[in-house]
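Structure file query_7.csv with CSV, C-alpha atoms and all ligand atoms:
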```csv
chain,number,residue,atom,x,y,z
A,1,MET,CA,-7.4,14.3,8.6
A,2,SER,CA,-8.3,13.0,12.0
A,3,ALA,CA,-7.1,9.4,11.7
A,4,GLY,CA,-3.9,10.3,13.7
A,5,THR,CA,-0.4,9.2,13.0
A,6,PHE,CA,1.8,6.1,13.6
A,7,PRO,CA,5.6,5.7,13.4
A,8,LEU,CA,7.0,4.2,10.3
A,9,VAL,CA,10.8,3.8,10.4
A,10,GLY,CA,10.8,6.2,13.2
A,11,ARG,CA,9.0,8.9,11.2
A,12,SER,CA,5.5,10.0,12.1
A,13,VAL,CA,3.1,9.3,9.1
A,14,ASN,CA,-0.6,10.1,8.8
A,15,ARG,CA,-2.5,6.9,8.9
A,16,MET,CA,-4.3,7.8,5.7
A,17,GLY,CA,-1.8,7.4,3.0
A,18,PHE,CA,-2.0,6.8,-0.8
A,19,GLY,CA,-1.2,3.8,-3.0
A,20,ALA,CA,0.1,4.7,-6.5
A,21,MET,CA,-0.8,1.5,-8.3
A,22,GLN,CA,-4.0,2.9,-9.9
A,23,LEU,CA,-2.1,5.8,-11.5
A,24,PRO,CA,-0.6,4.0,-14.6
A,25,GLY,CA,-2.8,2.8,-17.5
A,26,PRO,CA,-5.2,-0.2,-17.5
A,27,GLY,CA,-3.6,-3.3,-16.0
A,28,VAL,CA,-1.1,-1.1,-14.2
A,29,PHE,CA,0.7,-0.9,-17.5
A,30,GLY,CA,1.7,2.1,-19.6
A,31,PRO,CA,0.9,5.8,-19.1
A,32,PRO,CA,-2.2,7.1,-17.4
A,33,ALA,CA,-5.2,8.1,-19.5
A,34,ASP,CA,-4.7,11.7,-18.4
A,35,GLN,CA,-1.2,12.6,-17.1
A,36,ALA,CA,-2.4,16.0,-15.7
A,37,VAL,CA,-5.1,14.2,-13.6
A,38,ALA,CA,-2.6,11.7,-12.3
A,39,LEU,CA,-0.2,14.5,-11.3
A,40,GLY,CA,-3.0,16.4,-9.7
A,41,ILE,CA,-4.1,13.4,-7.6
A,42,LEU,CA,-0.6,13.1,-6.1
A,43,ARG,CA,-0.3,16.8,-5.4
A,44,ARG,CA,-3.7,17.0,-3.8
A,45,ALA,CA,-3.0,14.0,-1.6
A,46,VAL,CA,0.1,15.6,-0.3
A,47,ASP,CA,-1.6,19.0,0.1
A,48,ALA,CA,-4.3,17.3,2.2
A,49,GLY,CA,-1.7,15.8,4.6
A,50,VAL,CA,-0.8,12.5,3.0
A,51,ASN,CA,2.9,11.8,3.8
A,52,HIS,CA,3.1,8.1,3.1
A,53,ILE,CA,3.0,7.0,-0.5
A,54,ASP,CA,3.3,3.4,-1.6
A,55,THR,CA,4.7,2.7,-5.1
A,56,SER,CA,6.9,0.4,-7.1
A,57,GLU,CA,9.1,0.4,-10.1
A,58,PHE,CA,7.0,-2.3,-11.6
A,59,TYR,CA,3.8,-0.1,-11.6
A,60,GLY,CA,3.8,0.9,-15.2
A,61,PRO,CA,6.7,-0.2,-15.2
A,62,ARG,CA,8.4,3.1,-14.1
A,63,VAL,CA,5.2,5.1,-14.7
A,64,ALA,CA,4.1,5.4,-11.1
A,65,ASN,CA,7.5,6.4,-9.9
A,66,GLU,CA,8.0,8.9,-12.7
A,67,LEU,CA,4.6,10.5,-11.9
A,68,ILE,CA,5.5,10.8,-8.2
A,69,ARG,CA,8.8,12.4,-9.1
A,70,GLN,CA,7.2,14.8,-11.5
A,71,ALA,CA,4.4,15.7,-9.2
A,72,LEU,CA,6.3,16.0,-5.9
A,73,ALA,CA,10.1,16.5,-6.3
A,74,PRO,CA,11.7,18.2,-4.6
A,75,TYR,CA,10.0,16.0,-2.0
A,76,PRO,CA,8.5,17.4,1.2
A,77,GLU,CA,10.8,16.5,4.1
A,78,ASP,CA,8.1,14.6,5.9
A,79,LEU,CA,7.1,12.4,2.9
A,80,VAL,CA,7.8,8.7,3.4
A,81,ILE,CA,7.9,7.0,0.0
A,82,VAL,CA,7.7,3.2,0.3
A,83,SER,CA,8.6,1.0,-2.6
A,84,LYS,CA,8.7,-2.7,-3.2
A,85,VAL,CA,10.9,-5.2,-5.0
A,86,GLY,CA,10.4,-8.8,-6.0
A,87,ALA,CA,8.6,-8.6,-9.3
A,88,ARG,CA,9.1,-7.3,-12.8
A,89,ARG,CA,7.0,-6.9,-15.9
A,90,ASP,CA,7.5,-8.2,-19.4
A,91,GLU,CA,6.8,-6.2,-22.6
A,92,HIS,CA,3.2,-7.3,-22.5
A,93,GLY,CA,2.6,-6.3,-18.9
A,94,ALA,CA,2.8,-9.8,-17.4
A,95,TRP,CA,3.9,-9.9,-13.8
A,96,LEU,CA,7.0,-12.1,-13.3
A,97,PRO,CA,9.0,-12.9,-10.2
A,98,ALA,CA,12.3,-11.1,-9.6
A,99,GLN,CA,13.2,-12.7,-6.3
A,100,THR,CA,16.9,-13.4,-6.4
A,101,PRO,CA,19.3,-11.3,-4.3
A,102,ALA,CA,20.7,-9.7,-7.5
A,103,GLU,CA,17.2,-8.9,-8.8
A,104,LEU,CA,16.3,-7.4,-5.5
A,105,ARG,CA,19.3,-5.1,-5.6
A,106,ALA,CA,18.6,-4.2,-9.2
A,107,GLY,CA,15.0,-3.3,-8.3
A,108,VAL,CA,16.1,-1.0,-5.5
A,109,GLU,CA,18.7,0.7,-7.8
A,110,GLU,CA,16.0,1.3,-10.5
A,111,ASN,CA,13.6,2.8,-7.9
A,112,LEU,CA,16.3,5.2,-6.7
A,113,VAL,CA,16.9,6.4,-10.3
A,114,THR,CA,13.2,6.8,-11.3
A,115,LEU,CA,12.3,8.5,-8.0
A,116,GLY,CA,15.4,10.7,-8.1
A,117,ILE,CA,16.5,10.0,-4.6
A,118,GLU,CA,19.6,8.6,-2.9
A,119,GLN,CA,17.9,6.5,-0.3
A,120,LEU,CA,14.5,4.9,-0.1
A,121,PRO,CA,12.9,5.2,3.4
A,122,VAL,CA,11.4,1.7,3.2
A,123,VAL,CA,11.5,-1.1,0.6
A,124,ASN,CA,9.1,-4.0,1.0
A,125,LEU,CA,10.5,-7.4,0.1
A,126,ARG,CA,7.4,-8.7,-1.8
A,127,ARG,CA,7.7,-12.5,-1.4
A,128,HIS,CA,6.5,-14.5,-4.4
A,129,PRO,CA,3.7,-16.8,-3.4
A,130,HIS,CA,5.7,-19.9,-4.2
A,131,GLY,CA,8.8,-18.5,-2.5
A,132,GLU,CA,11.5,-20.6,-4.2
A,133,VAL,CA,14.3,-18.2,-3.2
A,134,ASP,CA,15.4,-18.7,0.4
A,135,LEU,CA,14.0,-16.0,2.7
A,136,ASP,CA,17.2,-15.6,4.7
A,137,ASP,CA,19.2,-15.0,1.5
A,138,GLN,CA,16.7,-12.3,0.5
A,139,LEU,CA,16.9,-10.7,3.9
A,140,ALA,CA,20.7,-10.7,3.7
A,141,ALA,CA,20.5,-8.9,0.3
A,142,MET,CA,18.1,-6.3,1.8
A,143,GLU,CA,20.3,-5.8,4.8
A,144,SER,CA,23.4,-5.3,2.6
A,145,MET,CA,21.4,-2.5,0.9
A,146,VAL,CA,20.7,-0.9,4.3
A,147,ASP,CA,24.5,-1.1,5.1
A,148,ASP,CA,25.2,0.5,1.7
A,149,GLY,CA,22.8,3.4,2.5
A,150,LEU,CA,20.4,2.6,-0.3
A,151,ILE,CA,17.4,1.9,1.9
A,152,ALA,CA,16.6,2.9,5.5
A,153,GLY,CA,14.1,0.2,6.4
A,154,ILE,CA,13.1,-3.2,5.3
A,155,GLY,CA,9.4,-4.1,5.0
A,156,LEU,CA,7.7,-7.4,4.1
A,157,SER,CA,4.9,-8.1,1.7
A,158,ASN,CA,2.8,-11.2,1.0
A,159,VAL,CA,4.3,-13.0,3.9
A,160,SER,CA,2.9,-15.9,6.0
A,161,LEU,CA,3.1,-15.8,9.8
A,162,ASP,CA,6.1,-18.2,9.6
A,163,GLU,CA,7.9,-15.9,7.2
A,164,TYR,CA,7.1,-12.9,9.3
A,165,ARG,CA,8.5,-14.6,12.4
A,166,GLN,CA,11.6,-15.9,10.6
A,167,ALA,CA,12.3,-12.4,9.3
A,168,ALA,CA,11.7,-10.7,12.7
A,169,ARG,CA,14.3,-12.9,14.2
A,170,SER,CA,17.0,-11.4,12.0
A,171,ILE,CA,15.9,-7.9,11.0
A,172,THR,CA,13.9,-5.0,12.3
A,173,VAL,CA,10.7,-5.3,10.3
A,174,ALA,CA,9.7,-1.7,9.2
A,175,CYS,CA,6.2,-2.7,8.2
A,176,VAL,CA,4.1,-5.6,6.7
A,177,GLN,CA,2.0,-5.1,3.6
A,178,ASN,CA,-0.5,-8.0,3.1
A,179,ALA,CA,-3.9,-8.2,1.5
A,180,TYR,CA,-6.6,-7.5,4.1
A,181,SER,CA,-10.0,-5.9,4.1
A,182,ILE,CA,-13.5,-6.2,5.6
A,183,MET,CA,-14.2,-9.0,3.2
A,184,ASN,CA,-10.7,-10.7,3.3
A,185,ARG,CA,-9.5,-11.6,6.7
A,186,SER,CA,-7.2,-14.4,5.5
A,187,GLY,CA,-4.1,-12.6,6.9
A,188,GLU,CA,-5.5,-12.1,10.4
A,189,ASP,CA,-2.7,-14.1,12.0
A,190,VAL,CA,0.0,-11.8,10.5
A,191,PHE,CA,-2.1,-8.8,11.4
A,192,ASP,CA,-2.4,-10.0,15.0
A,193,ALA,CA,1.4,-10.5,15.2
A,194,CYS,CA,2.0,-6.9,13.9
A,195,GLN,CA,-0.4,-5.5,16.5
A,196,ALA,CA,1.4,-7.4,19.3
A,197,ASP,CA,4.8,-6.2,18.0
A,198,ASN,CA,3.7,-2.7,17.2
A,199,VAL,CA,4.8,-3.1,13.6
A,200,PRO,CA,2.9,-1.0,11.0
A,201,PHE,CA,0.4,-3.2,9.1
A,202,VAL,CA,-0.4,-1.8,5.7
A,203,PRO,CA,-3.3,-3.6,4.1
A,204,PHE,CA,-3.3,-3.8,0.3
A,205,PHE,CA,-6.6,-4.2,-1.6
A,206,PRO,CA,-8.3,-2.3,1.3
A,207,LEU,CA,-11.2,-1.5,-1.1
A,208,GLY,CA,-11.4,-5.0,-2.7
A,209,SER,CA,-8.9,-4.3,-5.5
A,210,ALA,CA,-9.3,-3.2,-9.1
A,211,PHE,CA,-8.5,-6.8,-10.3
A,212,ALA,CA,-11.5,-8.5,-8.8
A,213,PRO,CA,-14.2,-9.2,-11.5
A,214,THR,CA,-16.8,-8.2,-8.9
A,215,ASN,CA,-15.4,-6.0,-6.2
A,216,PRO,CA,-16.2,-7.9,-2.9
A,217,VAL,CA,-16.1,-4.8,-0.7
A,218,LEU,CA,-17.7,-2.0,-2.7
A,219,THR,CA,-20.6,-4.3,-3.9
A,220,SER,CA,-21.3,-5.8,-0.5
A,221,PRO,CA,-25.0,-5.2,0.3
A,222,GLU,CA,-24.2,-4.9,4.1
A,223,ILE,CA,-21.4,-2.4,3.5
A,224,GLN,CA,-23.6,-0.4,1.1
A,225,ALA,CA,-26.5,-0.4,3.5
A,226,THR,CA,-24.3,0.7,6.4
A,227,ALA,CA,-22.8,3.5,4.1
A,228,GLY,CA,-26.3,4.7,3.2
A,229,ARG,CA,-27.4,4.8,6.9
A,230,LEU,CA,-24.3,6.8,7.8
A,231,ASN,CA,-24.6,9.1,4.8
A,232,ALA,CA,-21.2,7.9,3.6
A,233,THR,CA,-19.9,5.7,0.7
A,234,ALA,CA,-19.0,2.0,0.8
A,235,ALA,CA,-15.4,2.9,0.2
A,236,GLN,CA,-15.4,5.3,3.2
A,237,VAL,CA,-17.0,2.6,5.4
A,238,ALA,CA,-14.4,0.1,4.3
A,239,LEU,CA,-11.5,2.5,5.1
A,240,ALA,CA,-13.0,3.7,8.4
A,241,TRP,CA,-13.4,0.1,9.5
A,242,LEU,CA,-9.7,-0.7,8.8
A,243,LEU,CA,-8.6,2.4,10.7
A,244,GLY,CA,-10.7,1.3,13.6
A,245,ARG,CA,-9.1,-2.1,13.8
A,246,HIS,CA,-5.8,-1.0,15.4
A,247,PRO,CA,-3.6,2.2,15.6
A,248,CYS,CA,-0.8,0.2,13.7
A,249,VAL,CA,-2.9,0.1,10.5
A,250,LEU,CA,-1.6,2.5,7.8
A,251,LEU,CA,-3.9,2.9,4.8
A,252,ILE,CA,-2.8,3.2,1.2
A,253,PRO,CA,-6.0,3.1,-0.9
A,254,GLY,CA,-5.4,3.5,-4.6
A,255,THR,CA,-7.4,5.6,-7.0
A,256,SER,CA,-7.1,7.2,-10.4
A,257,SER,CA,-10.0,9.5,-9.7
A,258,PRO,CA,-9.8,12.9,-8.1
A,259,ALA,CA,-13.4,12.5,-6.7
A,260,HIS,CA,-12.5,9.1,-5.2
A,261,LEU,CA,-9.4,10.6,-3.6
A,262,GLU,CA,-11.5,13.2,-1.8
A,263,GLU,CA,-13.9,10.5,-0.6
A,264,ASN,CA,-11.0,8.3,0.6
A,265,LEU,CA,-9.4,11.2,2.5
A,266,ALA,CA,-12.6,12.1,4.1
A,267,ALA,CA,-13.0,8.5,5.4
A,268,ALA,CA,-10.4,9.5,8.1
A,269,ASP,CA,-13.2,11.5,9.7
A,270,LEU,CA,-16.0,8.9,9.5
A,271,HIS,CA,-17.2,7.6,12.8
A,272,LEU,CA,-18.6,4.0,12.8
A,273,ASP,CA,-21.3,3.6,15.5
A,274,ASP,CA,-21.9,0.4,17.4
A,275,GLN,CA,-24.5,-0.8,15.0
A,276,ALA,CA,-22.1,-0.4,12.0
A,277,GLN,CA,-19.2,-1.9,13.9
A,278,GLY,CA,-21.3,-5.0,14.7
A,279,VAL,CA,-22.4,-5.5,11.1
A,280,LEU,CA,-19.0,-5.0,9.6
A,281,ASP,CA,-17.2,-7.1,12.1
A,282,GLY,CA,-19.5,-10.0,11.2
A,283,LEU,CA,-18.6,-9.9,7.5
A,284,GLY,CA,-15.6,-11.6,5.9
A,301,LIG,N1,2.3,-5.5,-1.9
A,301,LIG,C1,1.6,-5.9,-2.9
A,301,LIG,O1,1.7,-7.0,-3.4
A,301,LIG,C2,0.5,-5.0,-3.4
A,301,LIG,C3,-0.5,-5.5,-4.2
A,301,LIG,C4,-1.5,-4.7,-4.6
A,301,LIG,C5,-1.6,-3.3,-4.2
A,301,LIG,N2,-0.6,-2.8,-3.4
A,301,LIG,C6,-0.6,-1.4,-3.0
A,301,LIG,O2,-1.8,-1.3,-2.3
A,301,LIG,C7,-2.5,-0.1,-2.8
A,301,LIG,C8,-4.0,-0.3,-2.7
A,301,LIG,O3,-4.4,-1.4,-3.4
A,301,LIG,P1,-5.2,-1.3,-4.8
A,301,LIG,O4,-5.0,0.1,-5.4
A,301,LIG,O5,-4.7,-2.4,-5.6
A,301,LIG,O6,-6.6,-1.7,-4.4
A,301,LIG,P2,-7.8,-1.0,-3.6
A,301,LIG,O7,-7.3,0.3,-3.0
A,301,LIG,O8,-8.4,-2.0,-2.8
A,301,LIG,O9,-8.8,-0.6,-4.7
A,301,LIG,C9,-8.6,0.1,-5.8
A,301,LIG,C10,-9.8,0.1,-6.7
A,301,LIG,O10,-10.9,0.8,-5.9
A,301,LIG,C11,-11.4,1.9,-6.7
A,301,LIG,N3,-11.6,3.0,-5.8
A,301,LIG,C12,-10.7,3.7,-5.1
A,301,LIG,N4,-11.4,4.6,-4.3
A,301,LIG,C13,-12.7,4.4,-4.6
A,301,LIG,C14,-13.9,5.1,-4.1
A,301,LIG,N5,-13.8,6.1,-3.2
A,301,LIG,N6,-15.1,4.7,-4.6
A,301,LIG,C15,-15.1,3.7,-5.5
A,301,LIG,N7,-14.1,3.0,-6.0
A,301,LIG,C16,-12.9,3.4,-5.5
A,301,LIG,C17,-10.3,2.2,-7.7
A,301,LIG,O11,-10.9,2.7,-8.9
A,301,LIG,P3,-10.7,4.2,-9.3
A,301,LIG,O12,-9.3,4.3,-9.9
A,301,LIG,O13,-11.7,4.4,-10.4
A,301,LIG,O14,-10.9,5.0,-8.1
A,301,LIG,C18,-9.7,0.8,-8.0
A,301,LIG,O15,-10.5,0.1,-8.9
A,301,LIG,C19,-2.0,0.0,-4.3
A,301,LIG,O16,-2.2,1.3,-4.8
A,301,LIG,C20,-0.6,-0.4,-4.1
A,301,LIG,O17,0.2,0.7,-3.8
A,301,LIG,C21,0.4,-3.7,-3.0
```

Encoded form using structure tokens:
Amino acid sequence: MSAGTFPLVGRSVNRMGFGAMQLPGPGVFGPPADQAVALGILRRAVDAGVNHIDTSEFYGPRVANELIRQALAPYPEDLVIVSKVGARRDEHGAWLPAQTPAELRAGVEENLVTLGIEQLPVVNLRRHPHGEVDLDDQLAAMESMVDDGLIAGIGLSNVSLDEYRQAARSITVACVQNAYSIMNRSGEDVFDACQADNVPFVPFFPLGSAFAPTNPVLTSPEIQATAGRLNATAAQVALAWLLGRHPCVLLIPGTSSPAHLEENLAAADLHLDDQAQGVLDGLG
């Protein structure tokens, strides 16, 4: 992979990573359709050089973490597993907030057990959109887990610029994970701040997400036309554009498909010419 590397909690990670959210069953709930395929995807990603995997206890729940452990433990030394806390699932798969300091700690402890590790390299505090728990209280809870050796770095997810700035005043922000893609530039202000601060920016939904009824990225006529002209796929164009935005961008595209994994990995080698860059910059 020729996308290069960028430091994440002081460790050099390849900018093309992998997001594990598509590995569990439909709706990110329950087991995968084919366990062997899911395990194979994780192993292939790591064999190809991926050393940054994004996951969470609430993917499945537990399923993504258990697949990662089964596929990859004992873990390669250079692998940086990033998890997140701040949500939980009910028995029907609904997504519920789990934002209190006690819930954040419980979430980290569960991640450690299912992943089979003693310390998580990074845990993202995933803020609930209506953020009713005080951010400083949450950061204090996260910091206490750093002090206890449960986590090495604290990341932020779903944060506004104000929240990012507030957090950056009291902690070292390991990374920021917000929604961002060619077609969704709503988080540009936070992305700009990460660039200025040299903080890794990890866009989620880089391919437009599995939740959207009509995928805004992969069905975009302009992205498809650009892909056709460059003999690439729309997904590859979307990922290459993100990589080109700034060296601090770390990608974690999610897939349940071995063929899509290969496509996504190869996007690290796709060059966007000036014409493509002009068209894509103008979208969103
Ligand atoms: N912090 C947060 O709140 C948050 C929220 C959402 C996600 N995340 C993280 O971000 C990662 C990425 O986001 P995401 O997985 O939700 O969305 P995404 O990467 O934007 O898109 C995933 C969707 O794209 C499809 N896809 C993947 N590669 C493809 C390809 N080459 N060609 C065509 N379709 C392709 C997948 O289907 P197939 O399975 O069929 O390939 C799936 O439907 C997640 O895995 C998760 O780790 C974090």

For Glu109 of chain A, please output as a list in words all residues within 12 Å (counting only C-alpha atoms; exclusion window: fewer than 5 positions along the same chain).
Ser56, Glu57, Ser83, Lys84, Val85, Ala102, Glu103, Leu104, Thr114, Leu115, Gly116, Ile117, Glu118, Gln119, Leu120, Val123, Met142, Met145, Asp148, Gly149, Leu150 and Ile151 of chain A

At a cut-off of 8 Å, using only C-alpha atoms, what residues contact segment 168-183 of chain A? Leave out same-chain residues fewer than 3 positions from it and give the result as a ChimeraX atom specification.
/A:8-9,122,124,139,143,153-159,164-165,186-188,194,199-208,216-217,238,241-242,280-281,283-284

Of A:Asn111, A:Ser144, A:Asn264, A:Thr233, the one nearest to Tyr59 of chain A when counting only C-alpha atoms is A:Asn111

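Between atom O10 of ligand LIG 301 (chain A) and atom CA of Gly10 of chain A lies a distance of 29.4 Å.
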
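Excluding Gly86 of chain A and any residue on its chain fewer than 4 positions from it, the residues at most 10 Å away by only C-alpha atoms are A:Ser56, A:Phe58, A:Leu96, A:Pro97, A:Ala98, A:Gln99, A:Thr100, A:Pro101, A:Glu103, A:Leu104, A:Arg105, A:Ala106, A:Gly107, A:Val108, A:Asn124, A:Leu125, A:Arg126, A:Arg127, A:His128, A:Gln138, A:Ser157.
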
Edge lengths and centre, in Å to one decimal, as AutoDock Vina command-line options: that's what I need for the box along x, y and z that holds all listed atoms of segment 12-25 of chain A plus 8 Å on each side.
```
--center_x 0.6 --center_y 5.8 --center_z -2.7 --size_x 25.8 --size_y 24.6 --size_z 45.6
```

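Among the candidates A:Gly60, A:Gly278, A:Pro221, A:Gly4, the one nearest to Arg89 of chain A when counting only C-alpha atoms is A:Gly60.
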
Would you mind reading off the distance between atom O7 of ligand LIG 301 (chain A) and atom CA of Ile81 of chain A, one decimal, in Å?
16.9 Å

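Ranking A:Arg44, A:Arg15, A:His260, A:Arg62 by their shortest atom-to-atom distance to ligand LIG 301 (chain A), with all atoms listed in the file included, puts A:His260 first.
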
Within 7 Å of Met21 of chain A, counting all atoms listed in the file, which residues show up once you throw out same-chain ones fewer than 2 positions away? Write them as a list in words, please.
Gly19, Leu23, Pro24, Val28, Thr55, Tyr59, Ala64 and Gly254 of chain A

With distances taken over all atoms listed in the file, the candidate from A:Ser256, A:Val13, A:Glu91, A:Gln277 nearest Ala33 of chain A is A:Ser256

Which is closer to Leu272 of chain A than all the others in A:Val249, A:Ala259, A:Ala167, A:Ala227, using only C-alpha atoms?
A:Ala227

Please measure the separation of atom O4 of ligand LIG 301 (chain A) and atom CA of Arg69 of chain A, giving the value in Å to one decimal.
18.9 Å

Distance criterion (only C-alpha atoms): nearest to Leu39 of chain A out of A:Ala225, A:Leu67, A:Ile53, A:Ala20:
A:Leu67

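Look at Gly40 of chain A: the protein and nucleic acid residues within 10 Å of it, using all atoms listed in the file and passing over chain neighbours fewer than 6 places away, are A:Val46, A:Leu67, A:Ala71, A:Ser257, A:Pro258.
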